[in-house]
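**Student:** What follows is entry_26.csv, made up of CSV, C-alpha atoms and all ligand atoms:
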chain,number,residue,atom,x,y,z
Y,22,MET,CA,-28.0,2.8,108.1
Y,23,ASP,CA,-29.9,4.8,105.6
Y,24,HIS,CA,-27.1,6.3,103.5
Y,25,SER,CA,-29.5,8.3,101.4
Y,26,LEU,CA,-30.1,10.6,104.3
Y,27,ARG,CA,-26.4,11.5,104.7
Y,28,ARG,CA,-24.6,14.4,103.0
Y,29,SER,CA,-20.9,14.9,102.7
Y,30,THR,CA,-19.4,17.4,105.2
Y,31,ALA,CA,-16.5,18.5,103.0
Y,32,LEU,CA,-17.5,21.7,101.2
Y,33,LYS,CA,-17.1,22.4,97.5
Y,34,ASN,CA,-14.2,24.6,96.7
Y,35,ASP,CA,-12.2,23.0,99.5
Y,36,GLN,CA,-8.9,21.5,98.4
Y,37,PRO,CA,-9.0,17.9,99.5
Y,38,GLU,CA,-6.4,17.0,102.0
Y,39,ILE,CA,-3.7,14.8,100.5
Y,40,PHE,CA,-2.4,11.8,102.4
Y,41,TYR,CA,0.6,9.8,101.2
Y,42,THR,CA,0.9,7.4,104.1
Y,43,ILE,CA,-1.4,4.9,105.6
Y,44,ASP,CA,-0.7,6.1,109.2
Y,45,ASN,CA,-1.6,9.7,108.5
Y,46,LEU,CA,-4.8,8.7,106.6
Y,47,ARG,CA,-5.8,6.4,109.4
Y,48,LYS,CA,-5.4,9.2,112.0
Y,49,PHE,CA,-7.6,11.5,109.9
Y,50,LEU,CA,-10.2,8.7,109.6
Y,51,VAL,CA,-10.2,7.9,113.3
Y,52,THR,CA,-11.2,11.6,114.0
Y,53,ALA,CA,-13.9,11.4,111.4
Y,54,ARG,CA,-15.3,8.2,112.8
Y,55,ASP,CA,-15.1,9.6,116.4
Y,56,GLN,CA,-17.4,12.4,115.1
Y,57,GLY,CA,-19.9,9.8,113.9
Y,58,LYS,CA,-19.3,10.4,110.2
Y,59,THR,CA,-19.9,7.8,107.6
Y,60,ILE,CA,-17.2,7.2,105.0
Y,61,GLY,CA,-17.6,6.8,101.3
Y,62,PHE,CA,-14.7,5.6,99.2
Y,63,VAL,CA,-13.9,5.9,95.5
Y,64,PRO,CA,-10.8,3.9,94.4
Y,65,THR,CA,-9.2,5.3,91.2
Y,66,MET,CA,-5.9,5.2,89.3
Y,67,GLY,CA,-6.1,9.0,88.8
Y,68,ASN,CA,-6.3,10.9,85.5
Y,69,LEU,CA,-9.8,11.7,86.6
Y,70,HIS,CA,-12.6,12.4,84.1
Y,71,GLN,CA,-16.3,13.0,84.5
Y,72,GLY,CA,-17.0,9.3,84.9
Y,73,HIS,CA,-14.8,9.3,88.1
Y,74,LEU,CA,-16.3,12.6,89.3
Y,75,ASP,CA,-19.8,11.1,89.0
Y,76,LEU,CA,-18.6,8.3,91.4
Y,77,VAL,CA,-17.4,11.0,93.8
Y,78,GLN,CA,-20.7,12.8,93.5
Y,79,ARG,CA,-22.5,9.5,94.3
Y,80,ALA,CA,-20.3,8.8,97.2
Y,81,SER,CA,-20.9,12.2,98.6
Y,82,ASP,CA,-24.6,11.8,98.2
Y,83,LEU,CA,-24.5,8.7,100.3
Y,84,SER,CA,-21.9,9.5,103.0
Y,85,ASP,CA,-20.5,12.3,105.2
Y,86,ILE,CA,-16.9,12.0,104.2
Y,87,VAL,CA,-15.5,11.1,100.8
Y,88,ILE,CA,-12.0,9.6,100.3
Y,89,VAL,CA,-10.6,9.2,96.8
Y,90,SER,CA,-7.6,7.0,96.3
Y,91,ILE,CA,-5.2,7.7,93.4
Y,92,PHE,CA,-2.9,4.8,93.0
Y,93,VAL,CA,-1.6,3.3,89.7
Y,94,ASN,CA,-1.4,-0.3,90.9
Y,95,PRO,CA,1.5,-2.2,89.3
Y,96,MET,CA,0.1,-5.5,90.3
Y,97,GLN,CA,-2.8,-5.2,87.8
Y,98,PHE,CA,-0.7,-4.5,84.8
Y,99,GLY,CA,0.8,-7.2,82.6
Y,100,VAL,CA,4.5,-7.1,81.6
Y,101,HIS,CA,3.7,-5.6,78.1
Y,102,GLU,CA,1.0,-3.2,79.4
Y,103,ASP,CA,1.0,0.5,80.0
Y,104,PHE,CA,2.1,0.8,83.7
Y,105,ASP,CA,5.0,3.0,82.9
Y,106,THR,CA,3.1,5.3,80.6
Y,107,TYR,CA,-0.2,5.4,82.4
Y,108,PRO,CA,-1.0,9.1,82.9
Y,109,ARG,CA,-0.2,10.4,86.4
Y,110,THR,CA,-1.8,13.7,87.0
Y,111,LEU,CA,-2.1,14.1,90.8
Y,112,ASN,CA,-2.1,17.9,90.8
Y,113,SER,CA,-4.8,18.4,88.3
Y,114,ASP,CA,-6.8,15.5,89.8
Y,115,CYS,CA,-6.8,17.3,93.2
Y,116,HIS,CA,-7.7,20.5,91.5
Y,117,VAL,CA,-10.8,19.1,89.7
Y,118,LEU,CA,-11.9,17.5,93.0
Y,119,THR,CA,-12.2,20.9,94.6
Y,120,ASP,CA,-15.5,21.2,92.7
Y,121,TYR,CA,-16.8,18.1,94.6
Y,122,GLU,CA,-17.3,17.3,98.2
Y,123,CYS,CA,-14.1,15.2,98.6
Y,124,ALA,CA,-12.5,15.4,102.0
Y,125,ALA,CA,-9.3,13.6,101.3
Y,126,VAL,CA,-7.1,12.1,98.5
Y,127,PHE,CA,-5.0,9.0,99.4
Y,128,ALA,CA,-2.0,8.9,97.0
Y,129,PRO,CA,0.3,6.3,98.4
Y,130,THR,CA,3.6,5.2,96.8
Y,131,VAL,CA,4.0,1.6,95.6
Y,132,ARG,CA,6.2,0.9,98.6
Y,133,GLU,CA,3.5,2.1,101.0
Y,134,ILE,CA,1.1,-0.4,99.5
Y,135,TYR,CA,3.5,-3.3,98.9
Y,136,PRO,CA,6.2,-2.7,101.5
Y,137,LYS,CA,7.4,-6.3,101.4
Y,138,GLY,CA,6.6,-6.9,97.7
Y,139,LEU,CA,3.8,-9.3,96.9
Y,140,ASN,CA,3.0,-12.3,99.1
Y,141,THR,CA,-0.7,-12.6,99.9
Y,142,GLU,CA,-2.9,-12.4,96.8
Y,143,ILE,CA,-6.7,-12.2,96.6
Y,144,ASP,CA,-8.4,-14.1,93.7
Y,145,VAL,CA,-11.9,-14.9,92.7
Y,146,PRO,CA,-11.0,-17.5,90.1
Y,147,SER,CA,-14.6,-18.3,88.9
Y,148,LEU,CA,-14.8,-14.7,87.6
Y,149,SER,CA,-11.2,-13.6,87.1
Y,150,THR,CA,-10.1,-16.0,84.4
Y,151,ILE,CA,-12.8,-15.4,81.8
Y,152,LEU,CA,-13.5,-12.5,79.4
Y,153,CYS,CA,-10.9,-9.7,80.2
Y,154,GLY,CA,-9.2,-12.1,82.7
Y,155,HIS,CA,-8.5,-14.5,79.8
Y,156,HIS,CA,-6.9,-11.8,77.8
Y,157,ARG,CA,-5.1,-10.1,80.8
Y,158,PRO,CA,-4.0,-13.0,83.0
Y,159,GLY,CA,-3.4,-11.9,86.6
Y,160,HIS,CA,-5.1,-8.6,86.1
Y,161,PHE,CA,-8.1,-9.2,88.3
Y,162,LYS,CA,-5.9,-10.8,91.0
Y,163,GLY,CA,-4.1,-7.4,91.1
Y,164,VAL,CA,-7.3,-5.5,91.2
Y,165,ALA,CA,-8.9,-7.6,94.0
Y,166,THR,CA,-5.7,-7.6,96.0
Y,167,VAL,CA,-5.3,-3.8,95.9
Y,168,VAL,CA,-9.0,-3.1,96.5
Y,169,CYS,CA,-8.9,-5.4,99.5
Y,170,LYS,CA,-5.9,-3.6,100.9
Y,171,LEU,CA,-7.5,-0.2,100.3
Y,172,LEU,CA,-10.7,-1.3,102.0
Y,173,ASN,CA,-8.7,-2.6,105.0
Y,174,ILE,CA,-6.9,0.7,105.2
Y,175,ILE,CA,-9.9,3.0,104.8
Y,176,GLN,CA,-12.7,0.7,106.2
Y,177,PRO,CA,-15.4,2.8,104.5
Y,178,ASP,CA,-19.1,2.3,104.9
Y,179,ILE,CA,-19.6,2.4,101.1
Y,180,VAL,CA,-17.3,2.0,98.1
Y,181,VAL,CA,-18.3,3.2,94.7
Y,182,PHE,CA,-17.3,1.7,91.3
Y,183,GLY,CA,-18.3,2.4,87.7
Y,184,ASN,CA,-20.5,-0.1,85.9
Y,185,LYS,CA,-18.2,0.3,82.8
Y,186,ASP,CA,-15.7,-2.1,84.4
Y,187,TYR,CA,-18.5,-4.6,84.8
Y,188,GLN,CA,-16.4,-7.7,85.4
Y,189,GLN,CA,-14.3,-5.8,87.9
Y,190,LEU,CA,-17.4,-4.8,89.8
Y,191,GLN,CA,-18.7,-8.4,89.9
Y,192,ILE,CA,-15.3,-9.6,91.2
Y,193,ILE,CA,-15.2,-6.9,94.0
Y,194,LYS,CA,-18.8,-7.8,95.0
Y,195,ALA,CA,-17.9,-11.5,95.2
Y,196,MET,CA,-14.8,-10.7,97.1
Y,197,VAL,CA,-16.6,-8.5,99.6
Y,198,GLU,CA,-19.3,-11.2,100.1
Y,199,ASP,CA,-16.9,-14.1,100.4
Y,200,LEU,CA,-14.5,-12.4,102.8
Y,201,LEU,CA,-17.4,-10.8,104.8
Y,202,LEU,CA,-16.0,-7.3,104.4
Y,203,PRO,CA,-18.3,-4.8,106.1
Y,204,VAL,CA,-18.8,-2.5,103.2
Y,205,GLN,CA,-21.6,-1.8,100.8
Y,206,VAL,CA,-20.5,-2.0,97.1
Y,207,ILE,CA,-22.3,0.5,94.8
Y,208,GLY,CA,-22.2,0.4,91.0
Y,209,THR,CA,-22.8,3.6,89.1
Y,210,ASP,CA,-24.0,4.1,85.5
Y,211,THR,CA,-21.3,4.5,82.8
Y,212,LYS,CA,-20.7,8.1,81.8
Y,213,ARG,CA,-20.5,8.5,78.0
Y,214,GLU,CA,-19.3,11.1,75.6
Y,215,PRO,CA,-22.0,12.7,73.4
Y,216,ASN,CA,-21.3,10.1,70.7
Y,217,GLY,CA,-21.8,7.2,73.1
Y,218,LEU,CA,-18.1,6.4,73.8
Y,219,ALA,CA,-17.7,5.3,77.4
Y,220,MET,CA,-15.5,7.7,79.3
Y,221,SER,CA,-12.1,6.1,80.3
Y,222,SER,CA,-8.7,7.4,81.1
Y,223,ARG,CA,-7.4,5.2,78.3
Y,224,ASN,CA,-9.4,7.2,75.7
Y,225,ALA,CA,-6.5,9.6,75.9
Y,226,TYR,CA,-4.6,7.0,73.8
Y,227,LEU,CA,-7.1,7.5,70.9
Y,228,LEU,CA,-6.6,9.8,68.0
Y,229,GLU,CA,-9.4,12.3,67.4
Y,230,SER,CA,-10.6,10.2,64.3
Y,231,GLU,CA,-10.5,7.0,66.4
Y,232,LYS,CA,-12.6,8.7,69.1
Y,233,GLN,CA,-15.3,9.3,66.5
Y,234,LEU,CA,-15.0,5.8,65.2
Y,235,ALA,CA,-15.1,4.3,68.7
Y,236,SER,CA,-18.8,5.3,69.0
Y,237,ILE,CA,-19.8,2.3,67.0
Y,238,LEU,CA,-18.7,0.1,69.9
Y,239,TYR,CA,-21.7,1.4,71.9
Y,240,SER,CA,-24.1,1.2,69.0
Y,241,ALA,CA,-23.0,-2.5,68.4
Y,242,LEU,CA,-23.8,-3.2,72.1
Y,243,THR,CA,-27.2,-1.5,72.0
Y,244,LYS,CA,-28.2,-3.3,68.8
Y,245,ILE,CA,-27.3,-6.7,70.3
Y,246,ALA,CA,-29.0,-5.7,73.6
Y,247,LYS,CA,-32.1,-4.9,71.6
Y,248,ALA,CA,-32.0,-8.3,69.9
Y,249,VAL,CA,-31.6,-10.1,73.3
Y,250,GLN,CA,-34.4,-8.0,74.8
Y,251,GLY,CA,-36.7,-8.9,72.0
Y,252,ASP,CA,-35.4,-12.5,71.8
Y,253,THR,CA,-35.0,-12.1,68.1
Y,254,GLN,CA,-32.2,-12.7,65.6
Y,255,ILE,CA,-29.6,-12.8,68.4
Y,256,LYS,CA,-27.0,-14.9,66.7
Y,257,THR,CA,-27.3,-13.0,63.4
Y,258,THR,CA,-27.1,-9.6,65.1
Y,259,LEU,CA,-24.0,-10.7,67.1
Y,260,ARG,CA,-22.3,-12.0,64.0
Y,261,ARG,CA,-23.1,-8.9,62.0
Y,262,GLN,CA,-21.9,-6.5,64.7
Y,263,LYS,CA,-18.7,-8.4,65.2
Y,264,GLN,CA,-18.0,-8.2,61.5
Y,265,LEU,CA,-18.9,-4.5,61.4
Y,266,LEU,CA,-16.4,-3.8,64.2
Y,267,ILE,CA,-13.6,-5.8,62.6
Y,268,ASN,CA,-14.2,-4.1,59.2
Y,269,ALA,CA,-14.0,-0.7,61.0
Y,270,GLY,CA,-10.5,-1.6,62.3
Y,271,PHE,CA,-11.2,-2.9,65.8
Y,272,VAL,CA,-9.3,-5.9,67.0
Y,273,LEU,CA,-11.8,-7.8,69.1
Y,274,ASP,CA,-10.9,-9.6,72.3
Y,275,TYR,CA,-14.5,-10.6,72.8
Y,276,LEU,CA,-18.1,-9.5,72.2
Y,277,GLU,CA,-20.4,-11.7,74.2
Y,278,ILE,CA,-23.7,-12.0,75.9
Y,279,ARG,CA,-23.5,-13.3,79.5
Y,280,ASP,CA,-25.6,-13.7,82.6
Y,281,ALA,CA,-25.3,-10.4,84.4
Y,282,LYS,CA,-24.8,-12.0,87.9
Y,283,ASP,CA,-22.3,-14.8,87.4
Y,284,LEU,CA,-21.0,-13.9,83.9
Y,285,SER,CA,-21.8,-17.5,82.8
Y,286,LYS,CA,-22.8,-18.1,79.1
Y,287,THR,CA,-26.2,-19.4,80.1
Y,288,TYR,CA,-28.0,-16.1,80.4
Y,289,VAL,CA,-31.3,-17.4,79.0
Y,290,ASP,CA,-32.7,-18.5,82.4
Y,291,SER,CA,-31.6,-15.3,84.1
Y,292,ASP,CA,-33.6,-12.1,84.5
Y,293,THR,CA,-30.7,-9.9,83.6
Y,294,ALA,CA,-28.1,-10.3,80.8
Y,295,VAL,CA,-25.1,-8.2,79.9
Y,296,VAL,CA,-23.6,-7.6,76.5
Y,297,LEU,CA,-19.8,-7.0,77.0
Y,298,VAL,CA,-17.1,-6.0,74.6
Y,299,ALA,CA,-13.3,-5.5,74.8
Y,300,ALA,CA,-11.5,-4.4,71.6
Y,301,LYS,CA,-8.3,-2.7,70.7
Y,302,LEU,CA,-8.4,0.4,68.5
Y,303,GLY,CA,-5.1,2.0,67.7
Y,304,ALA,CA,-3.1,2.3,70.9
Y,305,ALA,CA,-6.2,1.9,73.2
Y,306,ARG,CA,-7.9,-1.2,74.6
Y,307,LEU,CA,-11.5,-0.3,75.1
Y,308,ILE,CA,-14.1,-2.1,77.2
Y,309,ASP,CA,-17.8,-1.4,77.5
Y,310,ASN,CA,-21.1,-3.1,78.3
Y,311,VAL,CA,-24.9,-2.8,78.3
Y,312,ILE,CA,-27.2,-4.4,80.8
Y,313,VAL,CA,-30.4,-6.1,79.4
Y,314,HIS,CA,-33.4,-6.7,81.7
Y,315,LEU,CA,-35.1,-9.8,80.3
Y,316,SER,CA,-38.9,-9.9,80.3
Y,317,LYS,CA,-40.0,-13.4,81.4
T,401,LIG,O1,-10.8,0.7,88.0
T,401,LIG,C1,-9.7,1.1,88.4
T,401,LIG,O2,-9.4,2.3,88.2
T,401,LIG,C2,-8.8,0.2,89.2
T,401,LIG,O3,-8.9,-1.1,88.7
T,401,LIG,C3,-9.0,0.2,90.7
T,401,LIG,C4,-10.4,-0.3,91.1
T,401,LIG,C5,-8.8,1.6,91.2
T,401,LIG,C6,-8.0,-0.7,91.3
T,401,LIG,O4,-6.7,-0.3,91.1
Reformat the file's structure so that it appears as C-alpha cells.
Ligand code: PAF
**Tutor:**
Amino acid sequence: MDHSLRRSTALKNDQPEIFYTIDNLRKFLVTARDQGKTIGFVPTMGNLHQGHLDLVQRASDLSDIVIVSIFVNPMQFGVHEDFDTYPRTLNSDCHVLTDYECAAVFAPTVREIYPKGLNTEIDVPSLSTILCGHHRPGHFKGVATVVCKLLNIIQPDIVVFGNKDYQQLQIIKAMVEDLLLPVQVIGTDTKREPNGLAMSSRNAYLLESEKQLASILYSALTKIAKAVQGDTQIKTTLRRQKQLLINAGFVLDYLEIRDAKDLSKTYVDSDTAVVLVAAKLGAARLIDNVIVHLSK
C-alpha cells in the first residue's frame, strides 16, 4: 500500500472522539476498516507538545484515520520514578488535537489495559538492558509490553514514534519484526526548542534557567557527531564534552557513540552511528541523540 497517497479523513477543528474502553474503540475501528480506511496510530502518555503533534501530522499524512492513545503506563516506571506525578492533561490534550486530523483518542484506565495485573511480558533483551535500560531496569519491558497490547487493540497500518526516544524506537522495530506484527513502524525527526533542547513532556520539570542550560546537551551531541563524521579526535571530543556537561551541573547516565542499527559499541564498520545521551538536570532526566551517516 502506498501510504503517501492517503490523507486523513478527520477534519481539522473536529474534536476527536474519546474512547475509554477497548470494546468501544474496536467498534469504531471496525466501521472505519469496513469503509476501507487505513489507520495510523500515535502512542503517547499525554501532556502533548509540538513533538507529539508532529507525529500526529505525520500519521495523518500517511493514513486515513489517526488514533492517538493517551495512557500513562505504570509498567514502564521504576518504583522511585515519576508515575504518580507524571502530568495528566487529557482535556487540554484533546483540545490541542482539534488543530490536527485526529479522529479518536484512546484513553484507557490502567485496569482496562491490565485487567488481571501483569502476567505476560514482552522483552527484547539484546536492546533493553543497555544504555537507558541499564539505568532504568524493566523500563523497556514495560514499553514493549504496552505497545504490543496497544498494537493488538488498534491493529493500525502504521505506528509513528519520535526519534528522540531512539532506543525505544529500535526496541519497537525489533519487537514488530520478531513477532511478525503487521504494522509499519515510522520514526520522525526530533522536534527542538529554538535553543536546540529536544521537546519532551519531562522538560516541564526544568526551571527556566535549566531550560537555557539544557541546550548544551544538543551542542555536545552535534560536536561529537561532527568528530565521528570527520573521523577526527573522537575520543578527545567525547571526553571534553562529558567534562563540560558535568561542570555545567548535569549528572550523566551515559554519553556514547553506538551503531545506529543494533546499538552495539562497534559502530566503525556500520554506515550509520548514533550519539546518545541521558543526563539528569535538576528534577528532570533528559535524553537526546544525533544520527551520523558515515562516509565510507
Ligand atoms: O514514548 C512514550 O511516550 C511511551 O514510552 C509510549 C511509547 C507511549 C509507551 O507508553
**Student:** Might you pull out every residue within 7 Å of region 180-184 of chain Y, with all atoms listed in the file counted and same-chain residues fewer than 5 positions away left off, and present them as a PyMOL selection string?
**Tutor:** chain Y and resi 61-63+76+80+190+204-211
**Student:** Output the neighbourhood of ligand LIG 401 (chain T) as a ChimeraX atom specification, that is, all protein and nucleic acid residues with some atom at most 7 Å from the ligand, counting only C-alpha atoms and all ligand atoms.
**Tutor:** /Y:64-66,92-94,164,167-168,186
**Student:** Any idea what's packed within 12 Å of Val117 (chain Y), counting all atoms listed in the file, ignoring anything in its chain fewer than 6 positions away? Could you give it as a list of chain:residue names?
**Tutor:**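 The contact residues come out as Y:Lys33, Y:Asn34, Y:Asp35, Y:Gln36, Y:Pro37, Y:Gly67, Y:Asn68, Y:Leu69, Y:His70, Y:Gln71, Y:His73, Y:Leu74, Y:Val77, Y:Thr110, Y:Leu111, Y:Cys123, Y:Val126.
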**Student:** Show which residues sit within 7 Å of Pro129 (chain Y), as a ChimeraX atom specification. Count only C-alpha atoms, and ignore same-chain residues fewer than 5 positions away.
**Tutor:** /Y:41-42,92,134
**Student:** For a quick check of understanding, using only C-alpha atoms, which of Y:Val249, Y:Val295, Y:Ala225, Y:Ile39 has the smallest distance to Ala124 (chain Y)?
**Tutor:**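 Looking only at the distances to Ala124 (chain Y), the closest residue turns out to be Y:Ile39.
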**Student:** Between CA of Arg157 (chain Y) and CA of Val298 (chain Y), what is the distance in Å, rounded to a tenth?
**Tutor:**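 Pair CA of Arg157 (chain Y) / CA of Val298 (chain Y) returns 14.1 Å.
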**Student:** Tell me, in Å to one decimal, how far CA of Phe127 (chain Y) is from CA of Ile193 (chain Y).
**Tutor:**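 Distance between the two atoms: 19.6 Å.
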**Student:** Would you list the residues near (0.1, 2.6, 82.3) (no more than 9 Å away, in the coordinates of the file, using only C-alpha atoms) as a list in words?
**Tutor:**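 Output: Val93, Pro95, Phe98, Glu102, Asp103, Phe104, Asp105, Thr106, Tyr107, Pro108, Arg109 and Arg223 of chain Y.
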**Student:** Can you tell me which residues surround Leu259 (chain Y) at a distance of at most 12 Å, considering only C-alpha atoms, apart from same-chain residues fewer than 5 positions away, and format the answer as a PDB file with C-alpha atoms, in the coordinates of the input?
**Tutor:**
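Final output, result-v7.pdb:
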ATOM      1  CA  ALA Y 241     -23.000  -2.500  68.400  1.00  0.00           C
ATOM      2  CA  LEU Y 242     -23.800  -3.200  72.100  1.00  0.00           C
ATOM      3  CA  THR Y 243     -27.200  -1.500  72.000  1.00  0.00           C
ATOM      4  CA  LYS Y 244     -28.200  -3.300  68.800  1.00  0.00           C
ATOM      5  CA  ILE Y 245     -27.300  -6.700  70.300  1.00  0.00           C
ATOM      6  CA  ALA Y 246     -29.000  -5.700  73.600  1.00  0.00           C
ATOM      7  CA  LYS Y 247     -32.100  -4.900  71.600  1.00  0.00           C
ATOM      8  CA  ALA Y 248     -32.000  -8.300  69.900  1.00  0.00           C
ATOM      9  CA  VAL Y 249     -31.600 -10.100  73.300  1.00  0.00           C
ATOM     10  CA  THR Y 253     -35.000 -12.100  68.100  1.00  0.00           C
ATOM     11  CA  GLN Y 254     -32.200 -12.700  65.600  1.00  0.00           C
ATOM     12  CA  GLN Y 264     -18.000  -8.200  61.500  1.00  0.00           C
ATOM     13  CA  LEU Y 265     -18.900  -4.500  61.400  1.00  0.00           C
ATOM     14  CA  LEU Y 266     -16.400  -3.800  64.200  1.00  0.00           C
ATOM     15  CA  TYR Y 275     -14.500 -10.600  72.800  1.00  0.00           C
ATOM     16  CA  LEU Y 276     -18.100  -9.500  72.200  1.00  0.00           C
ATOM     17  CA  GLU Y 277     -20.400 -11.700  74.200  1.00  0.00           C
ATOM     18  CA  ILE Y 278     -23.700 -12.000  75.900  1.00  0.00           C
ATOM     19  CA  VAL Y 296     -23.600  -7.600  76.500  1.00  0.00           C
ATOM     20  CA  LEU Y 297     -19.800  -7.000  77.000  1.00  0.00           C
ATOM     21  CA  VAL Y 298     -17.100  -6.000  74.600  1.00  0.00           C
TER      22      VAL Y 298
END
**Student:** Residues at most 12 Å from Arg213 (chain Y), counting all atoms listed in the file, excluding those fewer than 3 positions away in the same chain, as a list in words?
**Tutor:**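 Once the nearby chain positions are removed, what remains is His70, Gln71, Gly72, His73, Asp75, Gly183, Asn184, Lys185, Asp210, Asn216, Gly217, Leu218, Ala219, Met220, Ser221, Asn224, Lys232, Ala235, Ser236, Leu238, Tyr239, Asp309 and Asn310 of chain Y.
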**Student:** Considering all atoms listed in the file, can you say which of Y:Met96, Y:Ala300, Y:Val87, Y:Ile312 comes closest to Thr141 (chain Y)?
**Tutor:**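 So, comparing all the options, the nearest one is Y:Met96.
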**Student:** Nearest to Lys301 (chain Y): which of Y:Ile267, Y:Gln56, Y:Gln189, Y:Ser149 is it, counting only C-alpha atoms?
**Tutor:** Y:Ile267
**Student:** What is the distance between CA of Arg132 (chain Y) and CA of Val51 (chain Y), in Å to one decimal?
**Tutor:** 23.1 Å
**Student:** Using all atoms listed in the file, which of the listed residues (Y:Cys169, Y:Leu234, Y:Ala299, Y:Leu83) sits closest to Gln188 (chain Y)?
**Tutor:**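 So, comparing all the options, the nearest one is Y:Ala299.
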**Student:** Pick from Y:Leu172, Y:Leu227, Y:Leu152, Y:Leu50: nearest to Ser90 (chain Y), with only C-alpha atoms counted?
**Tutor:**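 Counting only C-alpha atoms, the residue closest to Ser90 (chain Y) is Y:Leu172.
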**Student:** Using all atoms listed in the file, find all polymer residues with an atom at most 10 Å away from the point (-10.3, -16.0, 92.1); report them as number ranges by chain.
**Tutor:** Y: 142-150, 159, 161-162, 165, 192, 195-196
**Student:** With distances taken over all atoms listed in the file, which of Y:Ser285, Y:Asn268, Y:Thr59, Y:Asn45 is nearest to Ile151 (chain Y)?
**Tutor:** Y:Ser285
